[in-house]
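The file coords-v4.cif comes next; it holds mmCIF, C-alpha atoms.
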data_coords
loop_
_atom_site.label_atom_id
_atom_site.label_comp_id
_atom_site.auth_asym_id
_atom_site.auth_seq_id
_atom_site.Cartn_x
_atom_site.Cartn_y
_atom_site.Cartn_z
CA MET A 16 -16.61 23.97 22.17
CA ALA A 17 -13.61 24.63 19.93
CA GLU A 18 -13.19 22.08 17.17
CA ASP A 19 -11.04 19.21 18.27
CA LYS A 20 -8.96 18.26 15.26
CA LEU A 21 -5.86 16.18 14.72
CA ARG A 22 -3.30 18.16 12.78
CA LEU A 23 -0.77 16.19 10.74
CA GLY A 24 1.43 18.12 8.36
CA GLU A 25 -0.90 20.43 6.49
CA VAL A 26 -4.11 18.49 7.10
CA GLU A 27 -6.57 18.58 9.97
CA LEU A 28 -8.65 15.50 10.66
CA SER A 29 -11.97 15.59 12.48
CA CYS A 30 -12.18 11.81 12.41
CA ARG A 31 -9.39 10.22 14.41
CA LEU A 32 -10.00 6.77 12.97
CA ILE A 33 -7.60 6.12 10.10
CA HIS A 34 -9.10 3.44 7.93
CA GLY A 35 -7.23 0.51 6.38
CA THR A 36 -8.25 -0.79 2.96
CA GLY A 37 -7.04 -4.40 2.93
CA LYS A 38 -8.92 -7.68 3.24
CA PHE A 39 -12.42 -6.31 2.64
CA PRO A 40 -14.87 -8.69 0.96
CA SER A 41 -15.68 -6.29 -1.89
CA PRO A 42 -15.07 -2.75 -3.14
CA GLU A 43 -18.64 -1.90 -2.13
CA VAL A 44 -18.16 -3.08 1.47
CA LEU A 45 -14.85 -1.20 1.71
CA ALA A 46 -16.44 2.03 0.48
CA GLY A 47 -19.40 1.50 2.80
CA ALA A 48 -17.14 0.95 5.81
CA ILE A 49 -15.04 4.06 5.15
CA SER A 50 -18.19 6.08 4.74
CA ALA A 51 -19.79 4.62 7.89
CA ALA A 52 -16.63 5.45 9.87
CA GLY A 53 -16.56 8.99 8.50
CA ALA A 54 -12.85 8.38 7.91
CA GLU A 55 -10.89 11.19 6.28
CA MET A 56 -7.53 9.43 6.03
CA ILE A 57 -7.10 5.99 4.44
CA THR A 58 -4.07 3.78 3.96
CA LEU A 59 -3.00 2.33 0.61
CA ALA A 60 -0.14 0.10 -0.46
CA VAL A 61 2.14 0.20 -3.53
CA ARG A 62 1.91 -2.84 -5.77
CA ARG A 63 2.69 -3.91 -9.32
CA LEU A 64 0.03 -3.21 -11.91
CA HIS A 65 -1.56 -6.32 -13.44
CA LEU A 66 -0.38 -6.29 -17.04
CA ASP A 67 -3.11 -8.56 -18.37
CA GLY A 68 -5.92 -6.08 -17.65
CA ASP A 69 -9.45 -6.90 -16.51
CA HIS A 70 -8.62 -6.62 -12.81
CA ARG A 71 -11.22 -4.70 -10.87
CA SER A 72 -9.48 -2.56 -8.29
CA GLU A 73 -10.61 -2.94 -4.68
CA LEU A 74 -10.61 0.85 -4.72
CA ALA A 75 -13.12 0.98 -7.58
CA GLU A 76 -15.89 2.43 -5.44
CA LEU A 77 -13.74 5.13 -3.81
CA ASP A 78 -13.05 8.68 -4.91
CA LEU A 79 -9.45 8.85 -3.70
CA GLY A 80 -9.43 12.63 -4.08
CA ALA A 81 -11.92 12.86 -1.22
CA TYR A 82 -9.42 11.46 1.31
CA THR A 83 -5.97 12.18 2.62
CA VAL A 84 -4.05 9.17 1.37
CA LEU A 85 -1.55 7.66 3.75
CA ALA A 86 0.48 5.36 1.54
CA ASN A 87 2.41 2.66 3.33
CA THR A 88 5.63 0.85 2.57
CA ALA A 89 4.20 -2.57 3.38
CA GLY A 90 6.27 -5.29 1.79
CA ALA A 91 9.59 -3.60 2.62
CA ARG A 92 12.14 -5.71 4.47
CA THR A 93 14.89 -3.07 4.62
CA ALA A 94 15.13 0.70 5.03
CA ALA A 95 16.19 1.03 1.39
CA GLU A 96 13.12 -0.90 0.18
CA SER A 97 10.90 1.26 2.35
CA VAL A 98 12.42 4.44 0.90
CA ARG A 99 11.99 3.11 -2.64
CA LEU A 100 8.31 2.25 -2.06
CA ALA A 101 7.73 5.65 -0.46
CA LYS A 102 9.11 7.44 -3.52
CA LEU A 103 6.98 5.34 -5.86
CA ALA A 104 3.93 6.12 -3.73
CA ARG A 105 4.63 9.85 -3.79
CA ALA A 106 5.07 9.77 -7.57
CA ALA A 107 1.46 8.55 -7.86
CA GLY A 108 0.68 12.15 -7.00
CA LEU A 109 -1.92 11.69 -4.26
CA SER A 110 0.02 12.83 -1.19
CA ASN A 111 3.41 13.03 0.47
CA PHE A 112 2.22 11.30 3.61
CA ILE A 113 3.97 8.00 4.14
CA LYS A 114 3.53 5.30 6.74
CA VAL A 115 6.93 3.68 7.07
CA GLU A 116 6.45 -0.03 7.48
CA VAL A 117 9.45 -2.35 7.55
CA VAL A 118 8.84 -5.93 8.56
CA GLY A 119 11.61 -7.28 10.74
CA ASP A 120 10.23 -10.73 11.43
CA GLU A 121 8.35 -12.81 8.90
CA GLU A 122 6.52 -14.90 11.47
CA THR A 123 4.96 -12.12 13.52
CA LEU A 124 5.26 -9.32 10.92
CA LEU A 125 6.57 -7.14 13.76
CA PRO A 126 8.49 -4.11 12.57
CA ASP A 127 12.27 -3.75 12.39
CA PRO A 128 12.95 -0.83 14.75
CA ILE A 129 16.40 0.00 13.40
CA ALA A 130 15.38 -0.01 9.74
CA THR A 131 12.22 1.94 10.64
CA LEU A 132 14.31 4.68 12.25
CA GLU A 133 16.73 4.79 9.30
CA ALA A 134 13.94 5.02 6.74
CA THR A 135 12.18 7.70 8.82
CA ARG A 136 15.31 9.87 8.90
CA GLU A 137 15.86 9.54 5.17
CA LEU A 138 12.25 10.23 4.19
CA VAL A 139 11.92 13.22 6.55
CA ALA A 140 15.03 14.68 4.91
CA ASP A 141 13.39 14.12 1.52
CA GLY A 142 10.33 16.15 2.48
CA PHE A 143 7.86 13.39 3.29
CA ILE A 144 5.39 13.64 6.17
CA VAL A 145 6.41 10.46 7.91
CA LEU A 146 4.27 8.32 10.20
CA PRO A 147 6.34 5.30 11.19
CA TYR A 148 4.69 2.07 12.28
CA ALA A 149 6.77 0.93 15.24
CA SER A 150 6.95 -1.58 18.04
CA ASP A 151 5.48 -0.43 21.35
CA ASP A 152 8.81 0.78 22.68
CA VAL A 153 9.07 4.07 24.56
CA ALA A 154 12.66 4.89 23.63
CA LEU A 155 12.09 4.05 19.98
CA SER A 156 9.04 6.29 19.85
CA LEU A 157 11.09 9.16 21.30
CA ARG A 158 13.82 8.55 18.73
CA LEU A 159 11.32 8.52 15.89
CA ALA A 160 9.88 11.82 17.10
CA GLU A 161 13.40 13.26 17.31
CA ALA A 162 14.04 12.06 13.75
CA GLY A 163 11.17 14.23 12.55
CA ALA A 164 8.22 11.85 12.43
CA ALA A 165 4.96 13.79 12.23
CA ALA A 166 3.37 11.15 14.45
CA VAL A 167 4.41 7.73 15.70
CA MET A 168 2.30 4.64 15.22
CA PRO A 169 3.09 2.04 17.86
CA GLY A 170 1.45 -1.33 17.34
CA ALA A 171 -0.97 -2.52 20.02
CA ALA A 172 -0.40 -6.14 18.93
CA PRO A 173 0.91 -7.90 15.82
CA ILE A 174 -0.73 -6.80 12.57
CA GLY A 175 -3.94 -8.66 11.85
CA SER A 176 -4.01 -10.32 15.29
CA THR A 177 -6.90 -8.25 16.74
CA LEU A 178 -5.47 -9.05 20.19
CA GLY A 179 -5.91 -5.54 21.54
CA VAL A 180 -3.30 -3.67 23.59
CA LEU A 181 -0.81 -6.32 24.71
CA ASN A 182 1.36 -4.00 26.74
CA PRO A 183 -0.81 -1.26 28.21
CA HIS A 184 1.98 0.08 30.41
CA ASN A 185 4.27 0.66 27.43
CA MET A 186 1.47 2.11 25.38
CA ARG A 187 0.49 4.58 28.09
CA ALA A 188 4.11 5.54 28.61
CA ILE A 189 4.54 6.18 24.87
CA ILE A 190 1.40 8.31 24.80
CA ASP A 191 2.52 10.24 27.90
CA ARG A 192 6.12 10.73 26.87
CA CYS A 193 6.01 11.23 23.13
CA PRO A 194 6.16 14.88 21.97
CA VAL A 195 4.34 14.14 18.69
CA PRO A 196 0.86 12.64 18.20
CA VAL A 197 0.62 8.93 18.91
CA ILE A 198 -1.64 6.96 16.59
CA VAL A 199 -2.12 3.41 17.80
CA ASP A 200 -1.84 1.06 14.86
CA ALA A 201 -2.22 -2.67 14.40
CA GLY A 202 -3.87 -5.32 16.47
CA LEU A 203 -6.91 -3.40 17.74
CA GLY A 204 -9.72 -5.92 17.74
CA SER A 205 -12.74 -4.21 19.22
CA PRO A 206 -14.09 -0.67 19.56
CA ALA A 207 -13.37 -0.96 23.29
CA ASP A 208 -9.65 -1.32 22.46
CA ALA A 209 -9.86 1.92 20.51
CA THR A 210 -11.75 3.66 23.31
CA ARG A 211 -9.14 2.55 25.81
CA VAL A 212 -6.13 4.00 23.99
CA MET A 213 -8.03 7.17 23.12
CA GLU A 214 -8.89 7.62 26.81
CA TRP A 215 -5.18 7.46 27.55
CA GLY A 216 -4.59 10.31 25.13
CA ALA A 217 -3.74 8.63 21.86
CA ALA A 218 -4.23 11.10 19.01
CA GLY A 219 -5.91 8.50 16.83
CA VAL A 220 -6.03 4.86 15.83
CA LEU A 221 -5.57 2.93 12.61
CA VAL A 222 -7.83 -0.07 12.12
CA ASN A 223 -7.99 -2.53 9.25
CA THR A 224 -8.51 -6.18 10.17
CA GLY A 225 -10.77 -5.41 13.14
CA ILE A 226 -13.20 -3.86 10.67
CA ALA A 227 -12.53 -5.88 7.51
CA HIS A 228 -12.91 -9.27 9.21
CA ALA A 229 -15.97 -8.36 11.28
CA ARG A 230 -19.15 -10.18 10.32
CA ASP A 231 -20.58 -6.83 9.21
CA PRO A 232 -17.64 -4.56 8.34
CA VAL A 233 -19.80 -1.52 7.60
CA ALA A 234 -21.52 -1.65 11.00
CA MET A 235 -18.20 -2.36 12.72
CA ALA A 236 -16.58 0.66 11.06
CA SER A 237 -19.31 2.78 12.57
CA ALA A 238 -18.81 1.11 15.97
CA PHE A 239 -15.05 1.73 15.89
CA ALA A 240 -15.60 5.38 14.99
CA ALA A 241 -17.98 5.69 17.96
CA GLY A 242 -15.44 3.98 20.21
CA VAL A 243 -12.80 6.48 19.13
CA ARG A 244 -15.13 9.42 19.81
CA VAL A 245 -16.05 8.12 23.27
CA GLY A 246 -12.42 7.60 24.19
CA ARG A 247 -11.46 11.03 22.95
CA ALA A 248 -14.30 12.66 24.88
CA ALA A 249 -13.25 10.82 28.04
CA PHE A 250 -9.64 11.92 27.60
CA LEU A 251 -10.66 15.54 27.11
CA ALA A 252 -12.94 15.30 30.17
CA GLY A 253 -10.00 14.09 32.23
CA LEU A 254 -10.27 10.67 33.82
CA ALA A 255 -10.46 10.43 37.56
CA GLU A 256 -7.06 9.37 38.83
CA ASN A 257 -6.44 5.71 39.41
CA ARG A 258 -5.33 5.35 43.00
CA PRO A 259 -3.29 2.20 43.31
CA ALA A 260 -1.87 0.95 46.62
CA ALA A 261 -1.20 4.16 48.49
CA GLY A 262 -4.48 5.94 48.27
CA TYR A 263 -7.78 4.10 47.88
CA GLY A 264 -10.65 6.15 49.15
CA ALA A 265 -14.20 5.05 49.84
CA SER A 266 -16.79 6.95 47.88
CA SER A 267 -19.26 7.01 50.76
CA PRO A 268 -18.54 8.60 54.11
CA VAL A 269 -16.95 6.16 56.53
CA GLU A 270 -18.03 8.20 59.48
CA GLY A 271 -21.44 7.80 61.02
CA LEU A 272 -22.20 4.20 60.25
CA PRO A 273 -24.92 2.75 62.50
CA SER A 274 -23.26 0.87 65.30
CA ALA A 275 -24.83 -2.46 64.31
CA LEU A 276 -23.13 -2.32 60.89
CA ALA A 277 -19.83 -1.31 62.41
CA ARG A 278 -19.87 -4.56 64.40
CA LEU A 279 -20.56 -6.86 61.47
CA PRO A 280 -17.91 -9.53 61.07
CA SER A 281 -15.61 -8.86 58.16
CA MET B 29 -5.37 -11.76 -42.64
CA GLY B 30 -3.30 -8.84 -41.42
CA PHE B 31 -0.43 -8.75 -38.99
CA GLU B 32 -2.12 -6.65 -36.30
CA HIS B 33 -3.07 -9.82 -34.40
CA VAL B 34 0.57 -10.79 -34.33
CA THR B 35 1.35 -7.42 -32.76
CA VAL B 36 -1.37 -7.77 -30.11
CA ALA B 37 -0.11 -11.25 -29.21
CA ALA B 38 3.50 -10.10 -29.16
CA VAL B 39 2.82 -7.21 -26.80
CA ARG B 40 0.70 -9.22 -24.37
CA ALA B 41 2.42 -12.59 -24.33
CA SER B 42 5.21 -13.32 -21.93
CA VAL B 43 6.18 -16.38 -24.05
CA PRO B 44 7.55 -16.41 -27.62
CA VAL B 45 5.10 -15.75 -30.46
CA VAL B 46 5.31 -17.80 -33.67
CA ALA B 47 3.58 -16.46 -36.80
CA ILE B 48 2.42 -19.24 -39.09
CA GLY B 49 0.04 -19.71 -42.03
CA GLY B 50 0.53 -18.50 -45.58
CA LEU B 51 3.93 -16.97 -44.92
CA GLY B 52 6.62 -16.84 -47.58
CA LEU B 53 9.11 -14.56 -49.20
CA GLY B 54 7.96 -10.97 -48.80
CA SER B 55 5.87 -11.68 -45.72
CA VAL B 56 8.14 -13.39 -43.16
CA GLY B 57 9.95 -10.08 -42.65
CA THR B 58 6.61 -8.35 -42.12
CA ALA B 59 5.69 -10.95 -39.49
CA ILE B 60 8.93 -10.34 -37.61
CA ALA B 61 8.47 -6.57 -37.86
CA ALA B 62 4.96 -7.02 -36.47
CA GLY B 63 6.44 -8.64 -33.37
CA ALA B 64 6.70 -12.38 -34.07
CA ASP B 65 9.74 -14.06 -32.53
CA MET B 66 9.68 -16.76 -35.18
CA ALA B 67 7.93 -17.52 -38.45
CA GLY B 68 6.67 -20.99 -39.40
CA VAL B 69 6.84 -21.70 -43.12
CA VAL B 70 5.75 -24.97 -44.77
CA ARG B 71 4.26 -24.59 -48.22
CA ALA B 72 6.56 -21.84 -49.49
CA ILE B 73 9.49 -24.19 -48.97
CA CYS B 74 8.00 -27.65 -49.61
CA LEU B 75 6.30 -26.67 -52.85
CA ALA B 76 9.23 -24.58 -54.15
CA ASP B 77 11.22 -25.69 -57.18
CA ASP B 78 14.39 -25.03 -55.23
CA PRO B 79 13.60 -25.44 -51.51
CA ALA B 80 17.19 -24.80 -50.42
CA ARG B 81 17.36 -21.46 -52.19
CA VAL B 82 13.94 -20.34 -50.87
CA SER B 83 14.89 -21.40 -47.37
CA ALA B 84 18.10 -19.35 -47.53
CA GLU B 85 16.21 -16.34 -48.86
CA LEU B 86 13.59 -16.61 -46.11
CA ARG B 87 16.34 -16.66 -43.56
CA ALA B 88 17.99 -13.62 -45.13
CA GLU B 89 14.69 -11.75 -45.09
CA ILE B 90 14.17 -12.51 -41.42
CA GLU B 91 17.70 -11.48 -40.53
CA ALA B 92 17.34 -8.20 -42.45
CA THR B 93 14.35 -7.19 -40.32
CA ALA B 94 14.98 -5.18 -37.17
CA PRO B 95 13.77 -7.26 -34.24
CA TRP B 96 11.64 -5.88 -31.42
CA ILE B 97 13.17 -4.46 -28.27
CA ARG B 98 13.22 -6.88 -25.35
CA PHE B 99 12.90 -5.76 -21.76
CA ARG B 100 11.41 -6.74 -18.42
CA VAL B 101 8.19 -5.38 -16.94
CA ASN B 102 7.25 -6.34 -13.38
CA GLY B 103 9.55 -9.31 -13.63
CA GLN B 104 8.14 -10.59 -16.94
CA GLU B 105 9.86 -10.64 -20.33
CA ARG B 106 8.10 -8.30 -22.76
CA LYS B 107 8.84 -6.70 -26.10
CA CYS B 108 7.68 -3.89 -28.34
CA PRO B 109 8.56 -2.28 -31.68
CA PRO B 110 11.85 -0.38 -31.90
CA GLY B 111 11.44 3.29 -30.96
CA SER B 112 8.30 2.79 -28.85
CA SER B 113 7.83 5.10 -25.91
CA ILE B 114 6.88 3.65 -22.52
CA ARG B 115 3.47 5.25 -22.86
CA ALA B 116 2.95 3.65 -26.28
CA PHE B 117 3.81 0.24 -24.85
CA LEU B 118 1.40 0.66 -21.92
CA GLU B 119 -1.31 1.79 -24.31
CA LEU B 120 -0.81 -1.37 -26.36
CA LEU B 121 -1.41 -3.34 -23.14
CA GLU B 122 -4.68 -1.43 -22.71
CA VAL B 123 -4.14 -0.94 -18.97
CA ALA B 124 -5.62 2.09 -17.20
CA LEU B 125 -2.80 4.62 -16.78
CA ASP B 126 -4.49 6.66 -14.05
CA GLY B 127 -2.22 6.86 -11.02
CA VAL B 128 0.36 4.54 -12.55
CA VAL B 129 4.01 5.08 -11.69
CA VAL B 130 6.85 3.67 -13.75
CA GLU B 131 10.35 3.04 -12.49
CA ARG B 132 12.92 2.38 -15.22
CA ASN B 133 16.22 0.89 -14.14
CA GLY B 134 15.64 2.28 -10.65
CA GLU B 135 14.67 5.78 -11.78
CA ILE B 136 11.09 7.01 -11.23
CA LEU B 137 9.38 8.55 -14.25
CA ARG B 138 6.35 10.77 -13.86
CA ALA B 139 3.21 10.09 -15.90
CA ALA B 140 3.83 13.13 -18.10
CA GLU B 141 7.31 11.86 -19.01
CA LEU B 142 6.24 8.46 -20.28
CA ALA B 143 5.40 9.56 -23.80
CA GLY B 144 8.85 11.08 -24.27
CA VAL B 145 10.96 8.17 -23.05
CA ALA B 146 11.86 5.47 -25.58
CA LEU B 147 12.22 1.90 -24.38
CA ARG B 148 15.65 0.33 -24.79
CA ASP B 149 16.77 -3.25 -25.07
CA GLY B 150 17.37 -4.71 -21.61
CA ASP B 151 15.38 -2.07 -19.71
CA ASP B 152 13.97 -3.17 -16.38
CA LEU B 153 10.59 -1.58 -15.67
CA GLU B 154 8.43 -1.64 -12.58
CA VAL B 155 4.90 -0.44 -13.26
CA VAL B 156 3.06 0.14 -9.98
CA HIS B 157 0.00 1.82 -8.54
CA LEU B 158 -1.68 2.29 -5.18
CA VAL B 159 -3.91 -0.55 -4.02
CA GLY B 160 -5.89 -1.43 -0.93
CA GLY B 161 -3.96 -3.07 1.87
CA GLY B 162 -0.95 -3.20 4.10
CA THR B 163 1.54 -5.70 5.41
CA ASP B 164 -0.80 -8.57 6.16
CA HIS B 165 -2.55 -8.04 2.87
CA GLY B 166 0.43 -8.22 0.51
#
Final C-alpha cells representation of the file:
Amino acid sequence: MAEDKLRLGEVELSCRLIHGTGKFPSPEVLAGAISAAGAEMITLAVRRLHLDGDHRSELAELDLGAYTVLANTAGARTAAESVRLAKLARAAGLSNFIKVEVVGDEETLLPDPIATLEATRELVADGFIVLPYASDDVALSLRLAEAGAAAVMPGAAPIGSTLGVLNPHNMRAIIDRCPVPVIVDAGLGSPADATRVMEWGAAGVLVNTGIAHARDPVAMASAFAAGVRVGRAAFLAGLAENRPAAGYGASSPVEGLPSALARLPS
Amino acid sequence: MGFEHVTVAAVRASVPVVAIGGLGLGSVGTAIAAGADMAGVVRAICLADDPARVSAELRAEIEATAPWIRFRVNGQERKCPPGSSIRAFLELLEVALDGVVVERNGEILRAAELAGVALRDGDDLEVVHLVGGGTDHG
C-alpha cells in the first residue's frame, strides 16, 4: 500500500494526530504523551519570558527540533494581535507554520470568524503556512481555503469542552466541500470522536484537553492515535452508504421465508 | 564590600534600589553608576564638621553621575547601565536566551541582532518565547 501521508506546506505527516502541549501535569507526562501518540506536529503558544529565572519550561523534556512546530496565536483578540503573535512565533526560528487563533467571545472562547479570515489573508501574503482555527461553518471554511489557508481547522466544540462533534452535519459538509485538508480541532473528548471525523474524511485532528485531562494522559494519547488510525482506515476503505428514508434494504433475503414466520403478527 | 551587588539588585528589581552603608563623598557617585536609584548617607553627614557643605557636595556628586537607562520589559520597569546592548541586559538577568524573541517598540529583533542594539531610555521591550499551550491554557 502506498504511504498515506498528510502533506501540509513542505512537510508530510504520517501521524494525523496533532498534539497540543497545554495543561499537562508535568513535562515528563507531556513528553510521554507525545511519544505515545507518535505525534510529528505539536502546537506551541507565544508568551512572555519570565524575567526572574528559575522557571522550568513545560517543554523541558522535549527536543523541539524533532517535531514540526505549529505555533498558535492564542491570546489574540483581534486580527492585528494575531498577526503580531505570528511574527513573534516565526522569529523564534522553529517554523513558519501558524495556527491562527482569534478569540471572539470570552465566555465560550469561540473564534472570531471575521478577524480569523483577515489574519489568514495577511499571514498568507507574508509567506506563512496558515492553519486557521475556525467555527464549524461551511462558508467560512470555503473562504479560508480561498484566502490561501493550507488547511482549515474547524472546532468540533468549544476549546477545552471535550463535548465531541456538536454539529455533525456541518462538520461533514465542511469535510466534503472544503478543497484543502480539514483538521478537526478543539472539543474532541474521546478517541471515538476522533475516529468519527476521520471516517468522514477529515485529514487529521488536533487534541489537547482530551489527552491532558485524562486520568492517564500517556495511555490516552496512544488511544487517540489509534482512534485516528482506525477512522482513517475506515475512510480509505469507503464506508457503506447510509440509506436514510428512501432506501433501507434488509440484509437477508426477504423471499422464501417459511410460511409460519410470514404469518407472525407484527 | 563592592558595588557588584548593587548592580545585580538594580538589574533584577522592578522597584527602586537604595544603596546604603558606609557611603560618603567619593562613593555615592559610584553607587549611582552601579545602578542604585538613591544613596542613603548617615555618618558622612552627621559626623561631618560642616554637614551642610558635605550634604551639598554629596548631592553634586550624585547629580554629576550619569544615571542608568530606564525602560519597560514585559510590562515591568527595568534599568541598565548607559550603552548596554539588549543582549548584555538579558545576560545580566541570567535568563536562557535559546529561542527568545525580542520586540523593541513594535519591531522584532532577531537573536543575532541583540548584541548590536543599544537600549535607549523609554524603550518598550517584549521578550517572548514559545511555551506549551493554547487558548484555554493562557
> Can you find the residues with an atom no farther than 8 Å from (4.8, 4.8, -21.1), counting all atoms listed in the file, and report them as a ChimeraX atom specification?
Replying inline: /B:113-119,130,139,141-143,145
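Distance check against Glu89 of chain B using only C-alpha atoms: of B:Val155, B:Ala67, B:Gly127, B:Gly150, the minimum falls on B:Ala67.
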>> Within 10 Å of (-8.5, 9.8, 13.4) (file coordinates; all atoms listed in the file), which protein or nucleic acid residues are there? I'd like them as a list in words.
In response: Lys20, Leu21, Arg22, Glu27, Leu28, Ser29, Cys30, Arg31, Leu32, Ile33, His34, Ala52, Gly53, Ala54, Glu55, Met56, Ile57, Ile198, Ala217, Ala218, Gly219, Val220, Leu221, Val222, Ala240, Val243 and Arg244 of chain A
> Got a sec to resolve the PyMOL selection byres ((chain A) within 8 of (chain B)) on this structure and send the residues as number ranges by chain?
Replying inline: A: 35-38, 58-64, 66-68, 72-74, 86-90, 102-104, 106-108, 116, 118, 124, 174-175
Residue subset to file, keeping C-alpha atoms, as an mmCIF file, in the coordinates of the input:
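Written out: selection-v1.cif:
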data_model
loop_
_atom_site.group_PDB
_atom_site.id
_atom_site.type_symbol
_atom_site.label_atom_id
_atom_site.label_comp_id
_atom_site.auth_asym_id
_atom_site.auth_seq_id
_atom_site.Cartn_x
_atom_site.Cartn_y
_atom_site.Cartn_z
ATOM 1 C CA GLY A 35 -7.230 0.510 6.380
ATOM 2 C CA THR A 36 -8.250 -0.790 2.960
ATOM 3 C CA GLY A 37 -7.040 -4.400 2.930
ATOM 4 C CA LYS A 38 -8.920 -7.680 3.240
ATOM 5 C CA THR A 58 -4.070 3.780 3.960
ATOM 6 C CA LEU A 59 -3.000 2.330 0.610
ATOM 7 C CA ALA A 60 -0.140 0.100 -0.460
ATOM 8 C CA VAL A 61 2.140 0.200 -3.530
ATOM 9 C CA ARG A 62 1.910 -2.840 -5.770
ATOM 10 C CA ARG A 63 2.690 -3.910 -9.320
ATOM 11 C CA LEU A 64 0.030 -3.210 -11.910
ATOM 12 C CA LEU A 66 -0.380 -6.290 -17.040
ATOM 13 C CA ASP A 67 -3.110 -8.560 -18.370
ATOM 14 C CA GLY A 68 -5.920 -6.080 -17.650
ATOM 15 C CA SER A 72 -9.480 -2.560 -8.290
ATOM 16 C CA GLU A 73 -10.610 -2.940 -4.680
ATOM 17 C CA LEU A 74 -10.610 0.850 -4.720
ATOM 18 C CA ALA A 86 0.480 5.360 1.540
ATOM 19 C CA ASN A 87 2.410 2.660 3.330
ATOM 20 C CA THR A 88 5.630 0.850 2.570
ATOM 21 C CA ALA A 89 4.200 -2.570 3.380
ATOM 22 C CA GLY A 90 6.270 -5.290 1.790
ATOM 23 C CA LYS A 102 9.110 7.440 -3.520
ATOM 24 C CA LEU A 103 6.980 5.340 -5.860
ATOM 25 C CA ALA A 104 3.930 6.120 -3.730
ATOM 26 C CA ALA A 106 5.070 9.770 -7.570
ATOM 27 C CA ALA A 107 1.460 8.550 -7.860
ATOM 28 C CA GLY A 108 0.680 12.150 -7.000
ATOM 29 C CA GLU A 116 6.450 -0.030 7.480
ATOM 30 C CA VAL A 118 8.840 -5.930 8.560
ATOM 31 C CA LEU A 124 5.260 -9.320 10.920
ATOM 32 C CA ILE A 174 -0.730 -6.800 12.570
ATOM 33 C CA GLY A 175 -3.940 -8.660 11.850
#
>> To one decimal place in Å, what is the distance between atom CA of Val82 of chain B and atom CA of Leu51 of chain B?
In response: 12.1 Å
>> From the options A:Met168, A:Ala154, A:Gly24, A:Ser41, which residue's atoms come nearest to Asn111 of chain A, counting all atoms listed in the file?
In response: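 Under the stated criterion, the closest residue is A:Gly24.
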> Could you pull the residues within 12 Å of Ala94 of chain A, counting only C-alpha atoms, minus those fewer than 6 positions along the same chain, as a list in words?
Replying inline: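 My list of contacting residues is Thr88, Leu100, Ala101, Val115, Glu116, Val117, Val118, Gly119, Pro126, Asp127, Pro128, Ile129, Ala130, Thr131, Leu132, Glu133, Ala134, Thr135, Arg136, Glu137, Leu138 and Pro147 of chain A.
With distances restricted to only C-alpha atoms, A:Asp200 is the closest residue to Gly170 of chain A from A:Glu18, A:Asp191, A:Glu25, A:Asp200.
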>> Measuring between only C-alpha atoms, which one of B:Pro95, B:Gly68, B:Pro109, B:Gly50 shows the shortest distance to Ser83 of chain B?
In response: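 Looking only at the distances to Ser83 of chain B, the closest residue turns out to be B:Gly68.
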> In Å, with one decimal, what is the gap from atom CA of Leu251 of chain A to atom CA of Ser50 of chain A?
Replying inline: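 Atom-to-atom, atom CA of Leu251 of chain A and atom CA of Ser50 of chain A are spaced 25.4 Å apart.
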>> So the first atom is atom CA of Glu121 of chain A and the second is atom CA of Ala95 of chain A; what is the distance between them in Å, to one decimal place?
In response: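 If I compute the distance from atom CA of Glu121 of chain A to atom CA of Ala95 of chain A, I get 17.6 Å.
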> Neighbours of Glu76 of chain A within 8 Å (all atoms listed in the file; same-chain residues fewer than 6 positions away dropped), as a PyMOL selection string?
Replying inline: chain A and resi 42-43+46
>> Residue by residue, what does the PyMOL selection byres ((chain B and resi 62) around 8) grab here? Present the result as a list in words.
In response: Phe31, Glu32, Val34, Thr35, Thr58, Ala59, Ile60, Ala61, Gly63, Ala64 and Pro109 of chain B
> Which neighbours of Gly246 of chain A fall inside 6 Å, counting only C-alpha atoms, when residues of the same chain fewer than 4 positions from it are skipped, and could you give them as an MDAnalysis selection string?
Replying inline: chainID A and resid 210 213:214
> So which one's closest to Thr93 of chain A, A:Gly80, A:Asp120, A:Arg105, A:Val153? Using all atoms listed in the file, please.
Replying inline: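 Of A:Gly80, A:Asp120, A:Arg105, A:Val153, the one nearest Thr93 of chain A, counting all atoms listed in the file, is A:Asp120.
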>> Give me the residues near Lys107 of chain B as a PyMOL selection string, where near means some atom within 8 Å (using all atoms listed in the file) and where sequence neighbours in that chain fewer than 3 positions away do not count.
In response: chain B and resi 38-39+63+96-99
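Of the listed residues B:Cys74, B:Ala88, B:Ala146, B:Ala80, the one whose atoms come nearest to Gly57 of chain B is B:Ala88, with distances taken using all atoms listed in the file.
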> Hey, what comes out of the PyMOL selection byres ((chain B and resi 85) around 12) on this file? Could you write it as a VMD selection string?
Replying inline: chain B and resid 52 to 57 72 to 73 78 to 84 86 to 92
Could you save the residues just selected, with C-alpha atoms, as a short mmCIF file (atom, residue, chain, number, x, y, z; two decimals), in the frame of the given file?
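Below is the file part20.cif, written as the result:
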data_model
loop_
_atom_site.label_atom_id
_atom_site.label_comp_id
_atom_site.auth_asym_id
_atom_site.auth_seq_id
_atom_site.Cartn_x
_atom_site.Cartn_y
_atom_site.Cartn_z
CA GLY B 52 6.62 -16.84 -47.58
CA LEU B 53 9.11 -14.56 -49.20
CA GLY B 54 7.96 -10.97 -48.80
CA SER B 55 5.87 -11.68 -45.72
CA VAL B 56 8.14 -13.39 -43.16
CA GLY B 57 9.95 -10.08 -42.65
CA ALA B 72 6.56 -21.84 -49.49
CA ILE B 73 9.49 -24.19 -48.97
CA ASP B 78 14.39 -25.03 -55.23
CA PRO B 79 13.60 -25.44 -51.51
CA ALA B 80 17.19 -24.80 -50.42
CA ARG B 81 17.36 -21.46 -52.19
CA VAL B 82 13.94 -20.34 -50.87
CA SER B 83 14.89 -21.40 -47.37
CA ALA B 84 18.10 -19.35 -47.53
CA LEU B 86 13.59 -16.61 -46.11
CA ARG B 87 16.34 -16.66 -43.56
CA ALA B 88 17.99 -13.62 -45.13
CA GLU B 89 14.69 -11.75 -45.09
CA ILE B 90 14.17 -12.51 -41.42
CA GLU B 91 17.70 -11.48 -40.53
CA ALA B 92 17.34 -8.20 -42.45
#
